[in-house]
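Raw work-v1.csv, CSV, C-alpha atoms:
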chain,number,residue,atom,x,y,z
A,131,MET,CA,46.4,-60.2,-25.6
A,132,GLU,CA,44.6,-57.7,-27.7
A,133,SER,CA,41.7,-57.5,-25.3
A,134,ASP,CA,44.0,-57.0,-22.4
A,135,ALA,CA,45.7,-54.2,-24.2
A,136,ILE,CA,42.3,-52.6,-24.9
A,137,VAL,CA,41.3,-52.8,-21.2
A,138,GLU,CA,44.7,-51.3,-20.2
A,139,MET,CA,44.2,-48.4,-22.7
A,140,GLN,CA,40.7,-47.8,-21.3
A,141,THR,CA,42.1,-47.6,-17.8
A,142,LEU,CA,44.8,-45.2,-18.8
A,143,TYR,CA,42.5,-43.0,-20.9
A,144,PRO,CA,39.0,-43.2,-19.5
A,145,THR,CA,36.1,-42.0,-21.6
A,146,PHE,CA,33.8,-39.3,-20.4
A,147,LEU,CA,30.1,-38.8,-21.4
A,148,VAL,CA,29.6,-35.5,-23.1
A,149,LYS,CA,26.4,-33.8,-22.0
A,150,GLU,CA,24.2,-33.1,-25.0
A,151,VAL,CA,23.2,-29.5,-25.2
A,152,ASN,CA,19.8,-28.9,-26.7
A,153,ARG,CA,20.6,-25.5,-28.2
A,154,PRO,CA,18.5,-24.3,-31.1
A,155,SER,CA,20.4,-23.6,-34.3
A,156,GLU,CA,20.7,-20.2,-35.8
A,157,PHE,CA,18.4,-21.3,-38.6
A,158,TRP,CA,15.7,-22.3,-36.1
A,159,LEU,CA,16.0,-19.0,-34.2
A,160,LYS,CA,15.7,-17.0,-37.4
A,161,GLU,CA,12.6,-19.0,-38.4
A,162,TYR,CA,11.1,-18.5,-34.9
A,163,PHE,CA,11.8,-14.8,-34.8
A,164,ASP,CA,10.2,-14.4,-38.3
A,165,ARG,CA,7.2,-16.4,-37.3
A,166,TRP,CA,6.5,-14.4,-34.2
A,167,LYS,CA,7.8,-11.0,-35.5
A,168,LEU,CA,10.5,-10.7,-32.9
A,169,LYS,CA,14.0,-9.1,-32.8
A,170,THR,CA,16.9,-8.6,-30.3
A,171,LEU,CA,18.0,-5.3,-28.7
A,172,LEU,CA,20.6,-4.4,-26.1
A,173,HIS,CA,18.7,-3.7,-22.9
A,174,THR,CA,17.9,-0.1,-22.1
A,175,ASP,CA,18.0,1.3,-18.6
A,176,ILE,CA,14.4,1.7,-17.4
A,177,GLU,CA,15.0,5.2,-16.2
A,178,LEU,CA,16.4,6.2,-19.6
A,179,ALA,CA,13.3,4.8,-21.3
A,180,ARG,CA,11.0,6.7,-18.8
A,181,SER,CA,12.8,9.9,-19.5
A,182,HIS,CA,11.4,9.9,-23.1
A,183,GLN,CA,7.9,9.9,-21.6
A,184,ALA,CA,8.3,13.3,-19.9
A,185,THR,CA,6.7,16.0,-21.9
A,186,ALA,CA,6.3,19.8,-21.6
A,187,SER,CA,2.5,19.4,-21.2
A,188,ALA,CA,3.0,17.1,-18.1
A,189,ILE,CA,5.5,19.6,-16.6
A,190,LYS,CA,3.1,22.5,-17.2
A,191,LYS,CA,0.2,20.7,-15.7
A,192,TRP,CA,2.1,19.7,-12.6
A,193,PHE,CA,3.1,23.3,-12.0
A,194,THR,CA,-0.5,24.6,-12.6
A,195,GLU,CA,-2.4,21.9,-10.7
A,196,VAL,CA,0.1,21.2,-7.9
A,197,TYR,CA,3.2,23.4,-7.4
A,198,ASP,CA,1.7,26.8,-8.1
A,199,LYS,CA,-1.0,26.1,-5.5
A,200,ILE,CA,1.7,25.8,-2.8
A,201,ASP,CA,2.1,29.0,-0.8
A,202,LEU,CA,5.9,29.2,-0.8
A,203,THR,CA,5.8,32.2,1.6
A,204,GLN,CA,5.2,29.6,4.3
A,205,TYR,CA,8.6,28.0,3.7
A,206,GLU,CA,12.0,29.6,3.8
A,207,LYS,CA,14.6,28.2,1.4
A,208,ASP,CA,16.5,26.7,4.4
A,209,PHE,CA,13.4,24.4,4.8
A,210,ILE,CA,12.7,23.5,1.2
A,211,GLY,CA,14.3,20.1,0.3
A,212,ASN,CA,14.5,17.3,-2.1
A,213,MET,CA,15.1,13.6,-1.1
A,214,ASP,CA,16.0,10.8,-3.5
A,215,GLU,CA,18.1,7.7,-3.6
A,216,THR,CA,20.8,6.6,-5.9
A,217,MET,CA,22.0,3.0,-6.3
A,218,ILE,CA,25.5,1.6,-6.9
A,219,SER,CA,25.1,-1.6,-8.9
A,220,SER,CA,26.4,-3.5,-12.0
A,221,LYS,CA,25.3,-2.1,-15.3
A,222,SER,CA,26.0,-5.0,-17.6
A,223,ARG,CA,24.4,-4.9,-21.1
A,224,LEU,CA,22.1,-7.8,-21.9
A,225,LEU,CA,20.7,-9.0,-25.2
A,226,CYS,CA,16.9,-9.1,-24.9
A,227,VAL,CA,14.2,-10.5,-27.2
A,228,VAL,CA,11.4,-8.1,-27.9
A,229,ARG,CA,8.6,-7.4,-30.5
A,230,ARG,CA,9.7,-5.9,-33.7
A,231,THR,CA,7.7,-2.8,-32.9
A,232,SER,CA,9.4,-2.2,-29.5
A,233,ARG,CA,11.7,0.7,-29.2
A,234,TYR,CA,13.4,-0.3,-26.0
A,235,ALA,CA,14.5,-3.5,-24.3
A,236,LEU,CA,13.8,-2.9,-20.6
A,237,ASN,CA,15.7,-5.1,-18.1
A,238,VAL,CA,14.7,-4.9,-14.4
A,239,GLU,CA,17.5,-6.0,-12.1
A,240,ASP,CA,17.0,-8.8,-9.8
A,241,GLU,CA,16.0,-7.5,-6.4
A,242,ASN,CA,17.9,-10.3,-4.7
A,243,SER,CA,21.2,-9.1,-6.1
A,244,GLU,CA,23.4,-6.9,-3.9
A,245,HIS,CA,23.1,-3.2,-4.1
A,246,ILE,CA,24.2,-0.1,-2.1
A,247,THR,CA,21.7,2.6,-1.9
A,248,LEU,CA,22.5,6.2,-0.8
A,249,VAL,CA,19.5,8.2,0.2
A,250,ALA,CA,20.4,11.9,-0.2
A,251,MET,CA,18.5,15.1,0.9
A,252,VAL,CA,19.5,18.6,-0.1
A,253,THR,CA,17.9,22.0,0.7
A,254,ALA,CA,17.4,25.0,-1.5
A,255,ASN,CA,19.9,27.1,0.4
A,256,GLY,CA,22.8,24.7,-0.5
A,257,ASP,CA,22.9,22.4,2.6
A,258,SER,CA,22.6,18.6,2.7
A,259,MET,CA,21.7,16.0,5.2
A,260,PRO,CA,24.2,13.1,5.9
A,261,PRO,CA,23.4,10.3,3.5
A,262,PHE,CA,21.3,7.3,4.7
A,263,VAL,CA,23.1,4.2,3.5
A,264,ILE,CA,21.3,0.9,2.8
A,265,PHE,CA,23.7,-2.0,2.2
A,266,PRO,CA,24.4,-5.6,3.3
A,267,LEU,CA,27.5,-5.9,5.5
A,268,LYS,CA,27.7,-8.3,8.4
A,269,ASN,CA,31.2,-7.5,9.7
A,270,SER,CA,31.7,-3.9,10.4
A,271,PRO,CA,35.2,-2.3,10.0
A,272,ASP,CA,36.5,0.5,12.2
A,273,ILE,CA,36.2,3.2,9.5
A,274,LEU,CA,32.5,2.6,9.1
A,275,ASP,CA,31.9,3.1,12.8
A,276,ASN,CA,33.9,6.3,12.7
A,277,LEU,CA,31.8,7.6,9.8
A,278,VAL,CA,28.7,7.0,11.9
A,279,LYS,CA,30.1,8.5,15.1
A,280,ASP,CA,31.3,11.6,13.2
A,281,GLY,CA,27.8,12.1,11.7
A,282,GLN,CA,29.0,11.6,8.2
A,283,ILE,CA,26.5,8.8,7.3
A,284,ILE,CA,23.4,7.1,8.8
A,285,ILE,CA,23.3,3.3,8.4
A,286,GLY,CA,20.1,1.4,7.5
A,287,GLY,CA,21.2,-2.2,7.0
A,288,GLN,CA,19.2,-4.4,4.7
A,289,GLU,CA,20.1,-7.6,2.9
A,290,SER,CA,19.2,-6.6,-0.6
A,291,GLY,CA,20.4,-3.0,-0.3
A,292,TRP,CA,17.1,-1.6,-1.7
A,293,ILE,CA,14.9,1.0,-0.1
A,294,ASP,CA,11.4,-0.3,1.0
A,295,LYS,CA,8.6,0.9,3.3
A,296,VAL,CA,10.5,-0.2,6.4
A,297,LYS,CA,13.7,1.7,5.4
A,298,PHE,CA,11.6,4.7,4.4
A,299,LEU,CA,10.2,4.8,7.9
A,300,HIS,CA,13.7,4.5,9.3
A,301,TRP,CA,14.9,7.4,7.1
A,302,SER,CA,11.9,9.5,8.0
A,303,LYS,CA,12.7,9.2,11.7
A,304,GLU,CA,16.3,10.3,11.1
A,305,PHE,CA,15.1,13.1,8.8
A,306,ILE,CA,12.8,14.4,11.5
A,307,LYS,CA,15.7,14.5,14.0
A,308,TRP,CA,17.8,16.4,11.4
A,309,VAL,CA,15.0,18.9,10.8
A,310,GLU,CA,14.4,19.5,14.5
A,311,ALA,CA,18.2,20.1,15.1
A,312,ARG,CA,18.1,22.5,12.1
A,313,ARG,CA,15.3,24.4,13.6
A,314,ILE,CA,17.3,24.8,16.8
A,315,THR,CA,20.5,25.8,15.0
A,316,LEU,CA,18.8,28.4,12.8
A,317,ASN,CA,16.6,29.6,15.7
A,318,LYS,CA,13.4,28.9,13.8
A,319,PRO,CA,11.5,26.5,16.1
A,320,ASN,CA,8.2,26.7,14.2
A,321,ALA,CA,9.5,26.5,10.7
A,322,HIS,CA,7.5,24.3,8.3
A,323,PHE,CA,9.5,22.1,6.0
A,324,LEU,CA,8.5,21.4,2.3
A,325,LEU,CA,9.9,18.1,1.1
A,326,MET,CA,9.7,17.1,-2.6
A,327,ILE,CA,10.1,13.4,-3.4
A,328,ASP,CA,9.2,10.9,-6.2
A,329,SER,CA,6.2,8.6,-5.8
A,330,HIS,CA,8.2,5.3,-5.3
A,331,SER,CA,6.0,2.6,-3.6
A,332,SER,CA,8.3,2.8,-0.5
A,333,ARG,CA,6.7,6.1,0.3
A,334,GLU,CA,3.3,4.5,0.9
A,335,ASN,CA,4.0,3.9,4.6
A,336,PRO,CA,1.2,5.5,6.7
A,337,GLU,CA,3.3,5.5,9.9
A,338,ALA,CA,6.1,7.4,8.3
A,339,LEU,CA,3.8,9.9,6.7
A,340,GLU,CA,2.0,10.5,10.0
A,341,LEU,CA,5.3,11.1,11.7
A,342,LEU,CA,6.3,13.6,9.0
A,343,LYS,CA,2.9,15.4,9.2
A,344,ASN,CA,3.1,15.7,13.0
A,345,ALA,CA,6.6,17.2,12.6
A,346,ASN,CA,5.3,20.0,10.4
A,347,ILE,CA,6.8,18.5,7.3
A,348,ASP,CA,4.7,18.7,4.1
A,349,VAL,CA,5.6,16.1,1.5
A,350,TYR,CA,4.7,16.5,-2.1
A,351,THR,CA,5.3,14.1,-5.0
A,352,TYR,CA,6.3,14.7,-8.6
A,353,PRO,CA,4.4,13.5,-11.7
A,354,GLY,CA,5.3,10.1,-13.1
A,355,GLU,CA,8.3,9.9,-15.5
A,356,CYS,CA,9.2,13.6,-14.8
A,357,SER,CA,11.4,13.4,-11.7
A,358,HIS,CA,14.6,13.6,-13.8
A,359,ILE,CA,13.4,17.1,-14.9
A,360,LEU,CA,11.9,18.4,-11.7
A,361,GLN,CA,14.0,16.7,-9.0
A,362,ALA,CA,17.0,18.8,-7.9
A,363,LEU,CA,19.2,15.8,-7.1
A,364,ASP,CA,18.6,14.3,-10.6
A,365,VAL,CA,19.2,17.7,-12.3
A,366,PHE,CA,22.6,18.7,-11.0
A,367,VAL,CA,23.8,16.5,-8.1
A,368,PHE,CA,23.7,12.9,-9.1
A,369,GLY,CA,25.4,13.6,-12.4
A,370,PRO,CA,28.6,15.0,-10.8
A,371,PHE,CA,28.3,12.3,-8.1
A,372,LYS,CA,28.7,9.6,-10.7
A,373,LYS,CA,31.8,11.3,-12.2
A,374,HIS,CA,33.4,11.7,-8.8
A,375,TYR,CA,32.5,8.1,-7.9
A,376,LYS,CA,34.5,6.7,-10.8
A,377,ILE,CA,37.6,8.7,-9.7
A,378,GLN,CA,37.1,7.7,-6.0
A,379,MET,CA,36.8,4.0,-7.0
A,380,ARG,CA,40.2,4.2,-8.7
A,381,SER,CA,41.8,5.7,-5.6
A,382,MET,CA,40.3,2.9,-3.4
A,383,ARG,CA,42.4,0.1,-5.1
A,384,SER,CA,45.3,0.7,-2.8
A,385,GLN,CA,43.2,1.5,0.3
A,386,LYS,CA,43.9,-0.7,3.3
A,387,ILE,CA,41.0,-1.3,5.7
A,388,THR,CA,41.2,-2.6,9.2
A,389,TRP,CA,38.4,-4.8,10.4
A,390,LYS,CA,37.2,-5.4,14.0
A,391,ASP,CA,38.5,-8.2,16.1
A,392,GLU,CA,41.0,-9.1,13.3
A,393,ASN,CA,38.2,-10.7,11.3
A,394,VAL,CA,39.1,-11.9,7.8
A,395,PRO,CA,36.5,-10.4,5.5
A,396,SER,CA,35.5,-11.9,2.2
A,397,ASP,CA,36.5,-10.4,-1.1
A,398,ALA,CA,32.9,-9.4,-1.6
A,399,SER,CA,32.8,-7.5,1.7
A,400,ILE,CA,36.0,-5.6,0.9
A,401,ARG,CA,34.7,-4.7,-2.5
A,402,ARG,CA,31.4,-3.6,-1.1
A,403,LEU,CA,32.9,-1.5,1.6
A,404,LYS,CA,35.3,0.3,-0.9
A,405,SER,CA,32.3,1.0,-3.1
A,406,LEU,CA,30.5,2.5,-0.1
A,407,LEU,CA,33.5,4.7,0.9
A,408,ALA,CA,34.0,5.9,-2.7
A,409,ALA,CA,30.3,6.7,-2.9
A,410,VAL,CA,30.3,8.7,0.4
A,411,ASN,CA,33.3,10.7,-0.7
A,412,ALA,CA,31.8,11.3,-4.2
A,413,LEU,CA,28.5,12.5,-2.8
A,414,LYS,CA,30.3,15.0,-0.5
A,415,GLN,CA,32.2,16.3,-3.5
A,416,ALA,CA,28.9,16.6,-5.5
A,417,CYS,CA,26.9,18.2,-2.8
A,418,THR,CA,28.5,21.6,-3.0
A,419,TYR,CA,26.8,24.9,-2.3
A,420,THR,CA,27.0,25.8,-6.0
A,421,ASN,CA,25.8,22.5,-7.3
A,422,ILE,CA,22.8,22.3,-5.0
A,423,GLN,CA,21.6,25.8,-5.8
A,424,LYS,CA,22.0,25.2,-9.5
A,425,ALA,CA,20.0,22.1,-9.1
A,426,PHE,CA,17.0,23.8,-7.5
A,427,GLU,CA,17.2,26.7,-9.9
A,428,ARG,CA,17.3,24.5,-13.1
A,429,SER,CA,14.5,22.3,-11.9
A,430,GLY,CA,12.3,25.3,-11.4
A,431,ILE,CA,11.6,24.4,-7.8
A,432,TYR,CA,13.3,27.3,-6.2
A,433,PRO,CA,12.9,30.0,-7.3
A,434,ARG,CA,9.6,28.7,-8.7
A,435,ASP,CA,9.9,28.9,-12.5
A,436,VAL,CA,8.2,26.5,-14.9
A,437,ASN,CA,10.2,27.9,-17.8
A,438,ALA,CA,13.4,26.8,-16.1
A,439,ALA,CA,12.2,23.2,-16.0
A,440,LEU,CA,11.0,23.4,-19.6
A,441,ARG,CA,14.5,24.5,-20.7
A,442,ASN,CA,16.0,21.2,-19.6
A,443,PRO,CA,17.6,19.5,-22.6
A,444,ARG,CA,16.4,16.1,-21.4
A,445,LEU,CA,12.8,17.1,-21.8
A,446,ASN,CA,11.1,15.4,-24.8
A,447,GLN,CA,9.6,18.3,-26.8
A,448,SER,CA,8.5,16.1,-29.8
A,449,ILE,CA,5.7,14.0,-28.3
A,450,LEU,CA,2.1,15.2,-29.1
A,451,GLU,CA,-0.4,14.2,-26.4
A,452,GLU,CA,-3.9,14.9,-25.3
A,453,GLU,CA,-4.6,17.4,-22.7
A,454,VAL,CA,-5.5,15.3,-19.7
A,455,PRO,CA,-5.9,17.2,-16.4
A,456,ILE,CA,-4.2,16.0,-13.2
A,457,LEU,CA,-6.8,15.1,-10.6
A,458,ILE,CA,-5.5,15.8,-7.1
A,459,GLU,CA,-8.4,14.9,-4.8
A,460,ASN,CA,-9.4,11.6,-6.3
A,461,THR,CA,-7.1,9.3,-4.5
A,462,PRO,CA,-9.8,7.6,-2.3
A,463,ARG,CA,-12.1,7.0,-5.3
A,464,ARG,CA,-9.5,5.3,-7.5
A,465,LYS,CA,-9.6,1.6,-8.0
A,466,LYS,CA,-5.8,1.6,-7.8
A,467,LEU,CA,-4.2,3.9,-5.2
A,468,SER,CA,-1.8,6.5,-6.5
A,469,ILE,CA,0.4,8.9,-4.6
A,470,THR,CA,1.6,10.8,-7.7
A,471,SER,CA,1.4,14.6,-8.0
A,472,GLN,CA,0.0,15.4,-4.6
A,473,CYS,CA,0.6,16.1,-0.9
A,474,ILE,CA,1.0,12.7,0.6
A,475,THR,CA,1.0,13.9,4.2
A,476,ARG,CA,-2.7,14.9,3.9
A,477,ASP,CA,-5.1,13.0,6.1
A,478,SER,CA,-7.1,11.8,3.1
A,479,VAL,CA,-4.1,10.2,1.5
A,480,ILE,CA,-2.9,8.6,4.7
A,481,ASP,CA,-6.3,7.2,5.4
A,482,ALA,CA,-6.6,5.9,1.8
A,483,ILE,CA,-3.2,4.0,2.2
A,484,LYS,CA,-4.4,2.6,5.5
A,485,ALA,CA,-7.7,1.4,4.0
A,486,ARG,CA,-5.9,-0.3,1.1
A,487,ASP,CA,-3.5,-2.0,3.4
A,488,GLU,CA,-6.3,-3.2,5.6
A,489,GLU,CA,-8.1,-4.5,2.6
A,490,LYS,CA,-5.0,-6.4,1.5
A,491,LYS,CA,-4.7,-8.0,4.9
A,492,ARG,CA,-8.3,-9.0,4.9
A,493,LYS,CA,-8.0,-10.7,1.5
A,494,ASN,CA,-4.8,-12.5,2.5
A,495,ILE,CA,-6.6,-13.9,5.6
A,496,GLU,CA,-9.5,-15.0,3.6
A,497,LYS,CA,-7.2,-16.6,1.0
A,498,ASN,CA,-5.3,-18.5,3.7
A,499,GLU,CA,-8.5,-19.6,5.4
A,500,TYR,CA,-9.7,-20.9,2.1
A,501,LYS,CA,-6.5,-22.8,1.5
A,502,PHE,CA,-6.2,-24.2,5.0
A,503,PRO,CA,-9.8,-24.3,6.5
A,504,ILE,CA,-10.0,-24.8,10.3
A,505,LYS,CA,-11.1,-28.3,11.1
A,506,PHE,CA,-13.1,-29.0,14.3

Is it possible to give me this structure as structure tokens?
Amino acid sequence: MESDAIVEMQTLYPTFLVKEVNRPSEFWLKEYFDRWKLKTLLHTDIELARSHQATASAIKKWFTEVYDKIDLTQYEKDFIGNMDETMISSKSRLLCVVRRTSRYALNVEDENSEHITLVAMVTANGDSMPPFVIFPLKNSPDILDNLVKDGQIIIGGQESGWIDKVKFLHWSKEFIKWVEARRITLNKPNAHFLLMIDSHSSRENPEALELLKNANIDVYTYPGECSHILQALDVFVFGPFKKHYKIQMRSMRSQKITWKDENVPSDASIRRLKSLLAAVNALKQACTYTNIQKAFERSGIYPRDVNAALRNPRLNQSILEEEVPILIENTPRRKKLSITSQCITRDSVIDAIKARDEEKKRKNIEKNEYKFPIKF
């Protein structure tokens, strides 16, 4: 009777196996950290960490070796521009394990996570190009089509939402169309355009650079870790943009959106689209005539003034460094190709990028042939 009762109780109250978690104890972690001289820090945004590497010496050298050598009389302020991208993504703070001597805990976001990238371009006279939007969205709502038809945005779809060499080529083609239309509107058919950009690896697309060169667009890059001081969009456009974006996101909570063919979108698609609409509205609010002109003036790009850039409060004035000259013409001779601090629409730079890409292809072919030899 007792055994029957036990079986019945087991049937009514089944037992579950608890998965054992092999988690180290706090004592073990403390011993491990002490043994290897480690510590924990909240992760730091990589751009914030880079900002501490910008120095007055680097800014002065870039003006002396690069920007002062550009004849600005060849370009009117209507045709001096700055292009950069800003991303909308999660900013969660993570706890990272680093060496005890480390000042920062850098966390690079997963490139497979979803992002929305806005590629903006502004000119020294206070104008702006419609933003080039890179984001993943399979089902398109009516409002998005209207934004494209009305010339408010240019769409460059991509699964990850990041800019790469393919998307930079896409943007370059759209930018050339915009410049050509601008030349017609302002009745300046032969005007040269001076474009200032950072040296992100996506710019290393020889096809895009050749198209820009043939369209009489000269592209110059900033020195590393200094774009937040010299780049107009970073100086006084993206800051107001982020403030307006927060306000726009709050207004989007009650926004009703109609989708094509009565499709039922996922919650992620709705959230992504509202983020995009908020970003487009916020960028328009930030790209005012006054903001853009202040941005070029405070960055020292137009009017050209190195002292204006050196007055930026984000510039680290405390770092002592050796005087190392910037070498402009040594790209083909470097072991590792760099497009920093130079005119990247020069034939020498384009040829160097092509040669590097061809060498990579050759090595990949040899590697594959070694792994999978042809059998006869």

> What is the distance between CA of Leu277 in chain A and CA of Leu403 in chain A, in Å to one decimal?
Replying inline: 12.3 Å

>> Excluding range 382-398 of chain A and its own-chain neighbours fewer than 4 positions away, which residues fall within 12 Å of it when counting only C-alpha atoms? Please give them as a list in words.
In response: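 Final neighbour list, sorted by chain and number: Glu244, His245, Pro266, Leu267, Lys268, Asn269, Ser270, Pro271, Asp272, Ile273, Leu274, Asp275, Tyr375, Lys376, Ile377, Gln378, Arg402, Leu403, Lys404, Ser405, Leu406, Leu407, Ala408, Ala409, Asn411 and Ala412 of chain A.
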
> Rounded to one decimal in Å, what is the spacing between CA of Tyr352 in chain A and CA of Asn212 in chain A?
Replying inline: 10.8 Å

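Take CA of Thr170 in chain A and CA of Arg153 in chain A: the distance between them is 17.4 Å.
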
> If we count all atoms listed in the file, what is near Gly256 in chain A at a cut-off of 9 Å, once residues fewer than 6 positions away on the same chain are taken out, given as an MDAnalysis selection string?
Replying inline: chainID A and resid 208 417:423

> For Lys207 in chain A, which of A:Ile264, A:Ile400, A:Ala186, A:Leu325 is the closest residue, counting all atoms listed in the file?
Replying inline: A:Leu325

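Proximity ranking of A:Arg229, A:Lys497, A:Arg444, A:Lys297 relative to Glu355 in chain A places A:Arg444 first, based on all atoms listed in the file.
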
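With distances taken over all atoms listed in the file, A:Leu168 is the one residue among A:Ala338, A:Ser471, A:Leu168, A:Gly281 lying closest to Thr231 in chain A.
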
Show which residues sit within 8 Å of Met259 in chain A, as an mmCIF file with C-alpha atoms, in the frame of the given file. Count only C-alpha atoms, and ignore same-chain residues fewer than 3 positions away.
data_model
loop_
_atom_site.group_PDB
_atom_site.id
_atom_site.type_symbol
_atom_site.label_atom_id
_atom_site.label_comp_id
_atom_site.auth_asym_id
_atom_site.auth_seq_id
_atom_site.Cartn_x
_atom_site.Cartn_y
_atom_site.Cartn_z
ATOM 1 C CA ALA A 250 20.400 11.900 -0.200
ATOM 2 C CA MET A 251 18.500 15.100 0.900
ATOM 3 C CA VAL A 252 19.500 18.600 -0.100
ATOM 4 C CA TRP A 308 17.800 16.400 11.400
#

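Residue nearest Ser357 in chain A, chosen from A:Ser331, A:Asn498, A:Pro370, A:Ser429 and counting only C-alpha atoms: A:Ser429.
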